[in-house]
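*Asks:* I am sharing structure-v2.pdb, which consists of PDB, C-alpha atoms:
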ATOM      1  CA  MET A   1       0.000   0.000   0.000
ATOM      2  CA  GLN A   2       1.292   3.429  -0.936
ATOM      3  CA  VAL A   3       0.771   6.193   1.631
ATOM      4  CA  HIS A   4       0.468   9.711   0.190
ATOM      5  CA  ARG A   5       0.753  12.869   2.286
ATOM      6  CA  ALA A   6       1.315  15.466  -0.463
ATOM      7  CA  ILE A   7      -1.749  16.172  -2.604
ATOM      8  CA  GLU A   8       0.362  17.943  -5.227
ATOM      9  CA  ALA A   9       2.457  14.787  -5.724
ATOM     10  CA  LEU A  10      -0.259  12.179  -6.223
ATOM     11  CA  PRO A  11       0.217   9.623  -9.003
ATOM     12  CA  ASN A  12      -2.154   9.221 -11.939
ATOM     13  CA  PHE A  13      -4.576   6.670 -10.548
ATOM     14  CA  GLN A  14      -5.909   4.031 -12.912
ATOM     15  CA  ASN A  15      -9.701   3.731 -12.648
ATOM     16  CA  ALA A  16      -9.647   4.862  -9.032
ATOM     17  CA  VAL A  17     -12.267   3.268  -6.799
ATOM     18  CA  LEU A  18     -12.305   5.573  -3.803
ATOM     19  CA  THR A  19     -14.009   6.298  -0.553
ATOM     20  CA  ILE A  20     -13.584   8.999   2.063
ATOM     21  CA  GLY A  21     -13.721   8.671   5.808
ATOM     22  CA  THR A  22     -11.944   8.567   9.147
ATOM     23  CA  PHE A  23     -12.069   4.748   9.386
ATOM     24  CA  ASP A  24     -11.527   5.029  13.135
ATOM     25  CA  GLY A  25     -11.195   1.508  14.476
ATOM     26  CA  VAL A  26     -10.861  -0.175  11.057
ATOM     27  CA  HIS A  27     -13.314  -2.607  12.627
ATOM     28  CA  LYS A  28     -15.509  -5.277  11.066
ATOM     29  CA  GLY A  29     -17.980  -2.713   9.694
ATOM     30  CA  HIS A  30     -15.220  -0.763   7.957
ATOM     31  CA  GLN A  31     -13.825  -4.017   6.653
ATOM     32  CA  GLN A  32     -17.093  -4.646   4.746
ATOM     33  CA  ILE A  33     -16.533  -1.406   2.814
ATOM     34  CA  ILE A  34     -12.906  -2.266   2.125
ATOM     35  CA  LYS A  35     -13.876  -5.688   0.756
ATOM     36  CA  ALA A  36     -16.447  -4.060  -1.537
ATOM     37  CA  MET A  37     -13.841  -1.581  -2.778
ATOM     38  CA  VAL A  38     -11.314  -4.308  -3.534
ATOM     39  CA  ALA A  39     -13.940  -6.362  -5.398
ATOM     40  CA  MET A  40     -15.061  -3.356  -7.457
ATOM     41  CA  ALA A  41     -11.480  -2.424  -8.353
ATOM     42  CA  LYS A  42     -10.868  -5.936  -9.650
ATOM     43  CA  GLU A  43     -13.957  -5.687 -11.861
ATOM     44  CA  VAL A  44     -12.771  -2.471 -13.519
ATOM     45  CA  ALA A  45      -9.009  -3.174 -13.452
ATOM     46  CA  GLY A  46      -8.666  -0.219 -11.096
ATOM     47  CA  GLU A  47      -6.889   0.867  -7.941
ATOM     48  CA  THR A  48      -8.414   1.288  -4.499
ATOM     49  CA  VAL A  49      -7.980   4.660  -2.792
ATOM     50  CA  ILE A  50      -8.972   5.591   0.752
ATOM     51  CA  ILE A  51      -8.950   9.324   1.500
ATOM     52  CA  THR A  52      -8.705  10.485   5.095
ATOM     53  CA  PHE A  53      -7.839  13.730   6.848
ATOM     54  CA  ASP A  54      -5.227  14.840   9.354
ATOM     55  CA  PRO A  55      -5.772  16.297  11.809
ATOM     56  CA  HIS A  56      -9.206  14.826  12.428
ATOM     57  CA  PRO A  57     -11.761  17.351  11.061
ATOM     58  CA  ARG A  58     -13.376  17.720  14.489
ATOM     59  CA  LYS A  59     -10.127  19.213  15.787
ATOM     60  CA  ILE A  60     -10.628  22.101  13.373
ATOM     61  CA  VAL A  61     -14.397  22.540  13.429
ATOM     62  CA  GLN A  62     -14.969  21.552  17.097
ATOM     63  CA  PRO A  63     -11.615  22.233  18.786
ATOM     64  CA  ASP A  64     -13.048  22.146  22.325
ATOM     65  CA  LYS A  65     -14.288  18.540  22.073
ATOM     66  CA  SER A  66     -12.052  15.600  22.988
ATOM     67  CA  LEU A  67     -11.668  12.918  20.328
ATOM     68  CA  GLU A  68     -11.024   9.597  22.140
ATOM     69  CA  LEU A  69      -9.897   7.924  18.906
ATOM     70  CA  ILE A  70      -9.807   4.136  18.718
ATOM     71  CA  ASN A  71      -6.850   4.393  16.305
ATOM     72  CA  THR A  72      -4.113   6.916  15.772
ATOM     73  CA  LEU A  73      -3.265   7.750  12.177
ATOM     74  CA  ASP A  74      -0.223   5.446  12.189
ATOM     75  CA  GLU A  75      -2.323   2.599  13.582
ATOM     76  CA  LYS A  76      -4.886   3.096  10.815
ATOM     77  CA  ILE A  77      -2.149   2.807   8.225
ATOM     78  CA  GLN A  78      -0.938  -0.461   9.782
ATOM     79  CA  LEU A  79      -4.445  -1.923   9.861
ATOM     80  CA  ILE A  80      -5.705  -0.810   6.440
ATOM     81  CA  GLU A  81      -2.546  -2.082   4.784
ATOM     82  CA  GLN A  82      -3.527  -5.594   5.878
ATOM     83  CA  HIS A  83      -6.702  -5.485   3.768
ATOM     84  CA  GLY A  84      -5.264  -5.042   0.280
ATOM     85  CA  ILE A  85      -5.879  -1.320  -0.285
ATOM     86  CA  ASP A  86      -3.592   0.190  -2.957
ATOM     87  CA  HIS A  87      -3.446   3.836  -1.847
ATOM     88  CA  PHE A  88      -4.030   5.637   1.446
ATOM     89  CA  VAL A  89      -4.164   9.403   0.986
ATOM     90  CA  ILE A  90      -3.791  11.684   4.010
ATOM     91  CA  VAL A  91      -5.164  15.135   3.272
ATOM     92  CA  PRO A  92      -4.155  18.047   5.528
ATOM     93  CA  PHE A  93      -7.402  19.343   7.006
ATOM     94  CA  THR A  94      -7.292  23.092   7.529
ATOM     95  CA  GLU A  95      -9.761  25.900   8.147
ATOM     96  CA  THR A  96      -9.316  26.972   4.508
ATOM     97  CA  PHE A  97     -10.025  23.448   3.241
ATOM     98  CA  SER A  98     -13.178  23.264   5.368
ATOM     99  CA  GLN A  99     -14.481  26.550   3.904
ATOM    100  CA  GLN A 100     -14.532  25.524   0.231
ATOM    101  CA  SER A 101     -17.956  25.068  -1.322
ATOM    102  CA  ALA A 102     -19.276  21.570  -1.886
ATOM    103  CA  GLU A 103     -19.047  21.911  -5.699
ATOM    104  CA  ALA A 104     -15.473  23.215  -5.446
ATOM    105  CA  TYR A 105     -14.662  20.215  -3.246
ATOM    106  CA  VAL A 106     -15.930  17.842  -5.944
ATOM    107  CA  GLN A 107     -14.340  19.653  -8.911
ATOM    108  CA  HIS A 108     -11.059  20.920  -7.492
ATOM    109  CA  PHE A 109     -10.357  18.253  -4.898
ATOM    110  CA  LEU A 110     -11.939  14.935  -5.865
ATOM    111  CA  VAL A 111     -12.011  15.122  -9.653
ATOM    112  CA  LYS A 112      -8.828  17.121 -10.216
ATOM    113  CA  ASN A 113      -6.668  15.008  -7.912
ATOM    114  CA  PHE A 114      -8.162  11.530  -8.216
ATOM    115  CA  HIS A 115     -10.069  11.305 -11.546
ATOM    116  CA  PRO A 116     -12.328   8.712  -9.907
ATOM    117  CA  HIS A 117     -13.880   5.859 -11.810
ATOM    118  CA  THR A 118     -16.126   5.089  -8.832
ATOM    119  CA  ILE A 119     -16.886   6.947  -5.616
ATOM    120  CA  ILE A 120     -18.280   4.829  -2.792
ATOM    121  CA  ILE A 121     -19.930   6.938  -0.124
ATOM    122  CA  GLY A 122     -22.423   6.650   2.724
ATOM    123  CA  TYR A 123     -25.916   8.087   2.594
ATOM    124  CA  ASP A 124     -25.068  10.426   5.479
ATOM    125  CA  HIS A 125     -21.714  11.682   4.191
ATOM    126  CA  HIS A 126     -21.451  15.487   4.089
ATOM    127  CA  PHE A 127     -18.704  17.739   2.807
ATOM    128  CA  GLY A 128     -17.909  21.333   1.907
ATOM    129  CA  LYS A 129     -18.652  24.570   3.717
ATOM    130  CA  GLY A 130     -21.567  24.200   6.096
ATOM    131  CA  ARG A 131     -21.666  20.456   5.244
ATOM    132  CA  GLU A 132     -23.811  21.416   2.245
ATOM    133  CA  GLY A 133     -22.473  18.629   0.035
ATOM    134  CA  ASN A 134     -24.012  15.165   0.203
ATOM    135  CA  PHE A 135     -24.773  12.027  -1.805
ATOM    136  CA  ASP A 136     -27.434  13.835  -3.868
ATOM    137  CA  LEU A 137     -24.939  16.466  -5.021
ATOM    138  CA  LEU A 138     -22.422  13.792  -5.992
ATOM    139  CA  ALA A 139     -25.168  12.044  -7.959
ATOM    140  CA  LYS A 140     -26.079  15.283  -9.746
ATOM    141  CA  LEU A 141     -22.453  15.870 -10.768
ATOM    142  CA  ALA A 142     -21.681  12.252 -11.734
ATOM    143  CA  ASP A 143     -22.537  12.688 -15.434
ATOM    144  CA  ILE A 144     -20.621  15.952 -15.700
ATOM    145  CA  TYR A 145     -17.414  14.538 -14.252
ATOM    146  CA  ARG A 146     -17.937  10.991 -15.528
ATOM    147  CA  TYR A 147     -17.670   8.921 -12.398
ATOM    148  CA  GLN A 148     -19.855   6.154 -11.064
ATOM    149  CA  LEU A 149     -21.411   6.589  -7.655
ATOM    150  CA  LEU A 150     -22.208   3.787  -5.240
ATOM    151  CA  GLU A 151     -24.001   4.287  -1.964
ATOM    152  CA  ILE A 152     -22.945   2.352   1.108
ATOM    153  CA  PRO A 153     -26.218   0.910   2.422
ATOM    154  CA  LYS A 154     -27.784   2.575   5.450
ATOM    155  CA  HIS A 155     -27.612  -0.612   7.498
ATOM    156  CA  VAL A 156     -23.828  -0.815   6.965
ATOM    157  CA  ILE A 157     -23.323   2.832   7.971
ATOM    158  CA  ASP A 158     -25.540   2.337  11.019
ATOM    159  CA  GLU A 159     -23.633  -0.820  11.909
ATOM    160  CA  ILE A 160     -20.332   1.076  11.709
ATOM    161  CA  ALA A 161     -21.603   3.874  13.966
ATOM    162  CA  ILE A 162     -23.124   1.436  16.460
ATOM    163  CA  SER A 163     -19.986  -0.712  16.488
ATOM    164  CA  SER A 164     -17.729   2.301  17.039
ATOM    165  CA  THR A 165     -19.863   3.419  19.992
ATOM    166  CA  LYS A 166     -19.928  -0.096  21.453
ATOM    167  CA  ILE A 167     -16.151  -0.413  21.053
ATOM    168  CA  ARG A 168     -15.497   2.894  22.830
ATOM    169  CA  ASN A 169     -17.878   2.027  25.656
ATOM    170  CA  ALA A 170     -16.360  -1.441  26.001
ATOM    171  CA  LEU A 171     -12.827  -0.029  26.215
ATOM    172  CA  TRP A 172     -13.850   2.547  28.824
ATOM    173  CA  GLU A 173     -15.507  -0.244  30.814
ATOM    174  CA  SER A 174     -12.482  -2.607  30.482
ATOM    175  CA  ASP A 175     -14.594  -5.059  28.448
ATOM    176  CA  THR A 176     -11.804  -6.166  26.120
ATOM    177  CA  ASP A 177     -13.688  -9.300  25.036
ATOM    178  CA  THR A 178     -16.453  -7.222  23.421
ATOM    179  CA  ALA A 179     -14.076  -4.598  22.032
ATOM    180  CA  ASN A 180     -11.725  -7.115  20.437
ATOM    181  CA  LYS A 181     -14.622  -9.114  18.970
ATOM    182  CA  LEU A 182     -16.090  -6.018  17.294
ATOM    183  CA  LEU A 183     -12.686  -4.790  16.131
ATOM    184  CA  GLY A 184     -11.747  -8.122  14.587
ATOM    185  CA  TYR A 185      -8.303  -7.779  16.188
ATOM    186  CA  ASP A 186      -6.874  -7.122  19.649
ATOM    187  CA  PHE A 187      -6.888  -3.493  20.792
ATOM    188  CA  PHE A 188      -3.425  -1.959  20.992
ATOM    189  CA  PHE A 189      -1.719   1.320  21.786
ATOM    190  CA  GLU A 190       1.740   2.860  21.901
ATOM    191  CA  GLY A 191       3.267   4.288  25.035
ATOM    192  CA  GLU A 192       6.499   6.053  25.833
ATOM    193  CA  VAL A 193       8.362   4.649  28.836
ATOM    194  CA  ILE A 194       8.700   7.318  31.510
ATOM    195  CA  TYR A 195      10.277   7.387  34.962
ATOM    196  CA  GLY A 196       8.243   6.104  37.907
ATOM    197  CA  ASP A 197       9.084   5.589  41.572
ATOM    198  CA  GLN A 198      10.490   2.067  40.943
ATOM    199  CA  LEU A 199       8.254   0.530  43.619
ATOM    200  CA  GLY A 200       7.416  -2.365  41.294
ATOM    201  CA  ARG A 201      11.067  -3.393  41.251
ATOM    202  CA  LYS A 202      11.091  -3.502  45.066
ATOM    203  CA  LEU A 203       8.001  -5.741  44.969
ATOM    204  CA  GLY A 204       9.690  -8.114  42.522
ATOM    205  CA  TYR A 205       7.598  -6.891  39.568
ATOM    206  CA  PRO A 206       9.465  -4.077  37.799
ATOM    207  CA  THR A 207       7.173  -2.072  35.560
ATOM    208  CA  ALA A 208       7.511   0.213  32.578
ATOM    209  CA  ASN A 209       5.471   3.322  33.350
ATOM    210  CA  LEU A 210       3.812   4.547  30.174
ATOM    211  CA  SER A 211       2.592   7.829  28.769
ATOM    212  CA  TYR A 212       0.274   7.536  25.770
ATOM    213  CA  VAL A 213       2.134   8.592  22.625
ATOM    214  CA  ASP A 214      -0.965  10.218  21.112
ATOM    215  CA  PRO A 215      -3.088  12.332  23.489
ATOM    216  CA  ASP A 216      -6.165  11.733  21.319
ATOM    217  CA  LYS A 217      -5.960   7.943  21.740
ATOM    218  CA  ILE A 218      -8.790   6.415  23.764
ATOM    219  CA  HIS A 219      -7.816   5.260  27.257
ATOM    220  CA  LEU A 220      -8.779   1.874  28.651
ATOM    221  CA  GLY A 221     -10.710   1.609  31.879
ATOM    222  CA  GLN A 222      -8.910   0.858  35.123
ATOM    223  CA  GLY A 223      -7.903  -2.689  35.933
ATOM    224  CA  VAL A 224      -5.318  -5.404  35.343
ATOM    225  CA  TYR A 225      -4.856  -6.932  31.889
ATOM    226  CA  ALA A 226      -2.921  -9.731  30.197
ATOM    227  CA  VAL A 227      -0.928  -8.135  27.375
ATOM    228  CA  MET A 228       1.662  -8.707  24.695
ATOM    229  CA  VAL A 229       4.393  -6.090  24.486
ATOM    230  CA  GLU A 230       6.540  -5.167  21.492
ATOM    231  CA  VAL A 231       9.928  -3.683  22.341
ATOM    232  CA  SER A 232      12.416  -2.974  19.530
ATOM    233  CA  SER A 233      10.544  -5.371  17.197
ATOM    234  CA  LYS A 234      10.624  -8.227  19.748
ATOM    235  CA  ILE A 235       7.444  -9.579  21.351
ATOM    236  CA  TYR A 236       7.138 -10.351  25.063
ATOM    237  CA  LYS A 237       4.348 -11.540  27.344
ATOM    238  CA  GLY A 238       3.292  -9.325  30.217
ATOM    239  CA  MET A 239       0.592  -7.856  32.398
ATOM    240  CA  MET A 240      -0.577  -4.277  32.702
ATOM    241  CA  SER A 241      -2.165  -2.269  35.479
ATOM    242  CA  ILE A 242      -4.159   0.902  34.862
ATOM    243  CA  GLY A 243      -5.251   2.747  37.957
ATOM    244  CA  ASN A 244      -4.334   4.869  40.930
ATOM    245  CA  ARG A 245      -2.544   2.121  42.943
ATOM    246  CA  PRO A 246      -4.999   2.094  45.880
ATOM    247  CA  THR A 247      -2.720  -0.026  48.099
ATOM    248  CA  ILE A 248       0.191   2.418  47.676
ATOM    249  CA  THR A 249      -1.038   5.972  47.127
ATOM    250  CA  GLY A 250      -4.529   6.056  45.645
ATOM    251  CA  LEU A 251      -3.616   9.230  43.796
ATOM    252  CA  ASP A 252      -2.750   9.856  40.131
ATOM    253  CA  GLU A 253      -3.726   7.260  37.525
ATOM    254  CA  ARG A 254      -0.829   5.323  36.035
ATOM    255  CA  VAL A 255      -0.329   2.864  33.201
ATOM    256  CA  GLU A 256       2.267   0.281  34.252
ATOM    257  CA  VAL A 257       3.403  -2.778  32.313
ATOM    258  CA  ASN A 258       5.326  -5.675  33.808
ATOM    259  CA  ILE A 259       7.158  -7.361  30.923
ATOM    260  CA  PHE A 260       7.903 -11.005  31.712
ATOM    261  CA  ASP A 261      11.491 -12.290  31.383
ATOM    262  CA  PHE A 262      12.745  -8.828  30.516
ATOM    263  CA  ASP A 263      15.385  -6.663  32.178
ATOM    264  CA  GLN A 264      16.501  -3.821  29.922
ATOM    265  CA  ASP A 265      16.712  -0.061  30.320
ATOM    266  CA  ILE A 266      14.071   1.275  27.940
ATOM    267  CA  TYR A 267      13.380   4.722  29.405
ATOM    268  CA  GLY A 268      12.361   7.104  26.641
ATOM    269  CA  GLU A 269      11.547   4.307  24.195
ATOM    270  CA  LYS A 270       8.166   3.719  22.574
ATOM    271  CA  ILE A 271       6.614   0.310  23.070
ATOM    272  CA  LYS A 272       3.460  -1.260  21.652
ATOM    273  CA  VAL A 273       0.999  -2.908  24.028
ATOM    274  CA  THR A 274      -1.603  -5.349  22.662
ATOM    275  CA  VAL A 275      -4.398  -6.000  25.137
ATOM    276  CA  LYS A 276      -5.480  -9.641  25.183
ATOM    277  CA  LYS A 277      -7.796  -9.892  28.173
ATOM    278  CA  TYR A 278      -9.074  -8.083  31.253
ATOM    279  CA  LEU A 279      -8.134  -9.935  34.448
ATOM    280  CA  ARG A 280      -9.570  -7.993  37.370
ATOM    281  CA  GLY A 281     -10.390  -4.597  38.783
ATOM    282  CA  GLN A 282      -8.256  -2.385  40.986
ATOM    283  CA  GLU A 283      -8.242  -3.490  44.625
ATOM    284  CA  LYS A 284      -6.786  -2.168  47.868
ATOM    285  CA  TYR A 285      -4.839  -4.722  49.924
ATOM    286  CA  PRO A 286      -4.191  -4.396  53.665
ATOM    287  CA  SER A 287      -0.482  -5.148  53.237
ATOM    288  CA  LEU A 288       2.250  -5.211  50.592
ATOM    289  CA  ASP A 289       2.661  -8.963  51.186
ATOM    290  CA  LEU A 290      -0.944  -9.562  50.123
ATOM    291  CA  LEU A 291      -0.408  -7.300  47.093
ATOM    292  CA  ILE A 292       2.653  -9.348  46.090
ATOM    293  CA  GLU A 293       0.627 -12.548  46.503
ATOM    294  CA  GLN A 294      -2.014 -11.123  44.148
ATOM    295  CA  LEU A 295       0.668 -10.123  41.632
ATOM    296  CA  HIS A 296       1.865 -13.743  41.604
ATOM    297  CA  LYS A 297      -1.704 -14.830  40.792
ATOM    298  CA  ASP A 298      -2.017 -12.167  38.084
ATOM    299  CA  LYS A 299       1.157 -13.404  36.405
ATOM    300  CA  THR A 300      -0.007 -17.019  36.532
ATOM    301  CA  ASN A 301      -3.403 -16.047  35.078
ATOM    302  CA  SER A 302      -1.755 -13.934  32.379
ATOM    303  CA  LEU A 303       0.519 -16.771  31.284
ATOM    304  CA  GLN A 304      -2.443 -19.144  31.079
ATOM    305  CA  ILE A 305      -4.119 -16.708  28.671
ATOM    306  CA  LEU A 306      -1.007 -15.772  26.679
ATOM    307  CA  ASN A 307       0.514 -19.222  26.220
ATOM    308  CA  PRO A 308      -0.995 -20.895  23.136
TER     309      PRO A 308
END
Translate the structure described by the file into structure tokens.
*Replies:*
Amino acid sequence: MQVHRAIEALPNFQNAVLTIGTFDGVHKGHQQIIKAMVAMAKEVAGETVIITFDPHPRKIVQPDKSLELINTLDEKIQLIEQHGIDHFVIVPFTETFSQQSAEAYVQHFLVKNFHPHTIIIGYDHHFGKGREGNFDLLAKLADIYRYQLLEIPKHVIDEIAISSTKIRNALWESDTDTANKLLGYDFFFEGEVIYGDQLGRKLGYPTANLSYVDPDKIHLGQGVYAVMVEVSSKIYKGMMSIGNRPTITGLDERVEVNIFDFDQDIYGEKIKVTVKKYLRGQEKYPSLDLLIEQLHKDKTNSLQILNP
């Protein structure tokens, strides 16, 4: 898959079959659209093109609202590449871009840059200043600009919206079973290893304290999880705690990962955490000895889940 970030340097697409969207989650609903695009492109000897925007349009038009994205842009690229898309085009979304009229958007953005053979779009897709552009306008202009127009069925669009909401709610509620089932893959995120107080090392369970790499990435609910951890392209088993450490301080929330059979200095490095299963909630123990006993159980339970 080719990733394009410069609109002025796009190639000449052959019979482009394109769609436009955020594809946040790249979950099973999105995957239906991708499969349809790939099938259509084969029929017309064309190339598949997904157009998305960066930053997320809501950051420009609704800057005060938090995003809580299921995927960062880099994660989307990783996921979409797995589904046989030819081109992923990242369009800089600016205030100026958002102010162009709907017809200018079609003529000067879509047609000029992509020369589409087929545009696949949802019934509720809007574009242009004041969101005045929609499926009906694209249909009206189809003969003029000589592209085919296919509508993504309402039930598919509704399914995507419902799934995205369910996934977000499940992640907030630590329900990784539901989230991962709807995603079609295991939820993951990147964190930068930061300095902690090194209490985990004293307890016999040294942890990598993490700060989310992307502030717009959705945060999991509190609890203990069985995870896989990628460090410098190597994969390790581990367990993760998200919470305010009620036995120790009960104060600020922390994301801490204990990587099994691992003893390297990785401060400042970025690591990838793939969340396999929720183990338990945060609990306060009357003594550190009881906390250590629970950590032993958590490791045993994690290994049972992570070992094939």
*Asks:* Please list as a PyMOL selection string every residue within 9 Å of Ile51 of chain A, counting all atoms listed in the file and excluding residues in the same chain fewer than 5 positions away.
*Replies:* chain A and resi 18-22+87-91
*Asks:* Rounded to one decimal place, report the atom CA of Ile266 of chain A-atom CA of Glu81 of chain A distance in Å.
*Replies:*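 For atom CA of Ile266 of chain A relative to atom CA of Glu81 of chain A, the distance reads 28.7 Å.
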*Asks:* Fewer than 6 positions away in the same chain doesn't count, so skip those; otherwise give me all residues within 8 Å of Ser302 of chain A, counting all atoms listed in the file, as a list in words.
*Replies:*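 My reading of the contact set: Tyr225, Ala226, Val227, Gly238, Met239 and Leu279 of chain A.
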*Asks:* Taking only C-alpha atoms into account, which of A:Arg280, A:His30, A:His155, A:Arg146 comes nearest His117 of chain A?
*Replies:*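 Checking each candidate against His117 of chain A, we get A:Arg146 as the closest.
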*Asks:* Of the residues A:Val273, A:Glu103, A:Ala139, A:Arg5, which is the one nearest to Ser233 of chain A, using all atoms listed in the file?
*Replies:*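 With all atoms listed in the file as the atom set, the closest residue is A:Val273.
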*Asks:* Could you complete segment 273-281 of chain A so that it carries all heavy atoms, and give it back as an mmCIF file, in the coordinates of the input?
*Replies:*
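Below you can see rebuild-v2.cif, which holds the result:
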data_model
loop_
_atom_site.group_PDB
_atom_site.id
_atom_site.type_symbol
_atom_site.label_atom_id
_atom_site.label_comp_id
_atom_site.auth_asym_id
_atom_site.auth_seq_id
_atom_site.Cartn_x
_atom_site.Cartn_y
_atom_site.Cartn_z
ATOM 1 N N VAL A 273 1.683 -2.011 23.109
ATOM 2 C CA VAL A 273 0.999 -2.908 24.028
ATOM 3 C C VAL A 273 -0.286 -3.410 23.356
ATOM 4 O O VAL A 273 -1.135 -2.608 22.959
ATOM 5 C CB VAL A 273 0.649 -2.195 25.351
ATOM 6 C CG1 VAL A 273 -0.082 -3.146 26.296
ATOM 7 C CG2 VAL A 273 1.907 -1.641 26.012
ATOM 8 N N THR A 274 -0.399 -4.729 23.218
ATOM 9 C CA THR A 274 -1.603 -5.349 22.662
ATOM 10 C C THR A 274 -2.365 -6.003 23.804
ATOM 11 O O THR A 274 -1.824 -6.842 24.533
ATOM 12 C CB THR A 274 -1.234 -6.403 21.600
ATOM 13 O OG1 THR A 274 -0.521 -5.759 20.539
ATOM 14 C CG2 THR A 274 -2.495 -7.056 21.029
ATOM 15 N N VAL A 275 -3.612 -5.602 23.967
ATOM 16 C CA VAL A 275 -4.398 -6.000 25.137
ATOM 17 C C VAL A 275 -5.198 -7.260 24.801
ATOM 18 O O VAL A 275 -6.107 -7.232 23.973
ATOM 19 C CB VAL A 275 -5.327 -4.856 25.580
ATOM 20 C CG1 VAL A 275 -6.046 -5.237 26.860
ATOM 21 C CG2 VAL A 275 -4.531 -3.564 25.786
ATOM 22 N N LYS A 276 -4.846 -8.350 25.480
ATOM 23 C CA LYS A 276 -5.480 -9.641 25.183
ATOM 24 C C LYS A 276 -6.727 -9.896 26.032
ATOM 25 O O LYS A 276 -7.727 -10.364 25.524
ATOM 26 C CB LYS A 276 -4.474 -10.778 25.404
ATOM 27 C CG LYS A 276 -3.159 -10.622 24.634
ATOM 28 C CD LYS A 276 -3.360 -10.598 23.134
ATOM 29 C CE LYS A 276 -3.624 -11.983 22.553
ATOM 30 N NZ LYS A 276 -3.612 -11.952 21.080
ATOM 31 N N LYS A 277 -6.641 -9.585 27.325
ATOM 32 C CA LYS A 277 -7.796 -9.892 28.173
ATOM 33 C C LYS A 277 -7.736 -9.113 29.492
ATOM 34 O O LYS A 277 -6.666 -8.908 30.058
ATOM 35 C CB LYS A 277 -7.853 -11.398 28.472
ATOM 36 C CG LYS A 277 -9.191 -11.847 29.068
ATOM 37 C CD LYS A 277 -9.309 -13.350 29.068
ATOM 38 C CE LYS A 277 -10.671 -13.806 29.601
ATOM 39 N NZ LYS A 277 -11.785 -13.409 28.712
ATOM 40 N N TYR A 278 -8.916 -8.715 29.942
ATOM 41 C CA TYR A 278 -9.074 -8.083 31.253
ATOM 42 C C TYR A 278 -9.040 -9.167 32.326
ATOM 43 O O TYR A 278 -9.701 -10.207 32.191
ATOM 44 C CB TYR A 278 -10.408 -7.339 31.270
ATOM 45 C CG TYR A 278 -10.823 -6.769 32.596
ATOM 46 C CD1 TYR A 278 -10.215 -5.628 33.108
ATOM 47 C CD2 TYR A 278 -11.857 -7.350 33.340
ATOM 48 C CE1 TYR A 278 -10.624 -5.077 34.321
ATOM 49 C CE2 TYR A 278 -12.274 -6.816 34.537
ATOM 50 C CZ TYR A 278 -11.647 -5.683 35.029
ATOM 51 O OH TYR A 278 -12.055 -5.144 36.228
ATOM 52 N N LEU A 279 -8.259 -8.947 33.375
ATOM 53 C CA LEU A 279 -8.134 -9.935 34.448
ATOM 54 C C LEU A 279 -8.988 -9.597 35.660
ATOM 55 O O LEU A 279 -9.733 -10.434 36.172
ATOM 56 C CB LEU A 279 -6.666 -10.061 34.880
ATOM 57 C CG LEU A 279 -5.682 -10.596 33.849
ATOM 58 C CD1 LEU A 279 -4.262 -10.558 34.411
ATOM 59 C CD2 LEU A 279 -6.046 -12.021 33.440
ATOM 60 N N ARG A 280 -8.852 -8.371 36.138
ATOM 61 C CA ARG A 280 -9.570 -7.993 37.370
ATOM 62 C C ARG A 280 -9.561 -6.482 37.536
ATOM 63 O O ARG A 280 -8.830 -5.768 36.845
ATOM 64 C CB ARG A 280 -8.921 -8.657 38.602
ATOM 65 C CG ARG A 280 -7.489 -8.190 38.857
ATOM 66 C CD ARG A 280 -6.926 -8.755 40.153
ATOM 67 N NE ARG A 280 -5.542 -8.354 40.371
ATOM 68 C CZ ARG A 280 -5.150 -7.214 40.939
ATOM 69 N NH1 ARG A 280 -6.072 -6.332 41.356
ATOM 70 N NH2 ARG A 280 -3.875 -6.930 41.106
ATOM 71 N N GLY A 281 -10.357 -6.015 38.483
ATOM 72 C CA GLY A 281 -10.390 -4.597 38.783
ATOM 73 C C GLY A 281 -9.297 -4.198 39.755
ATOM 74 O O GLY A 281 -8.573 -5.035 40.304
#
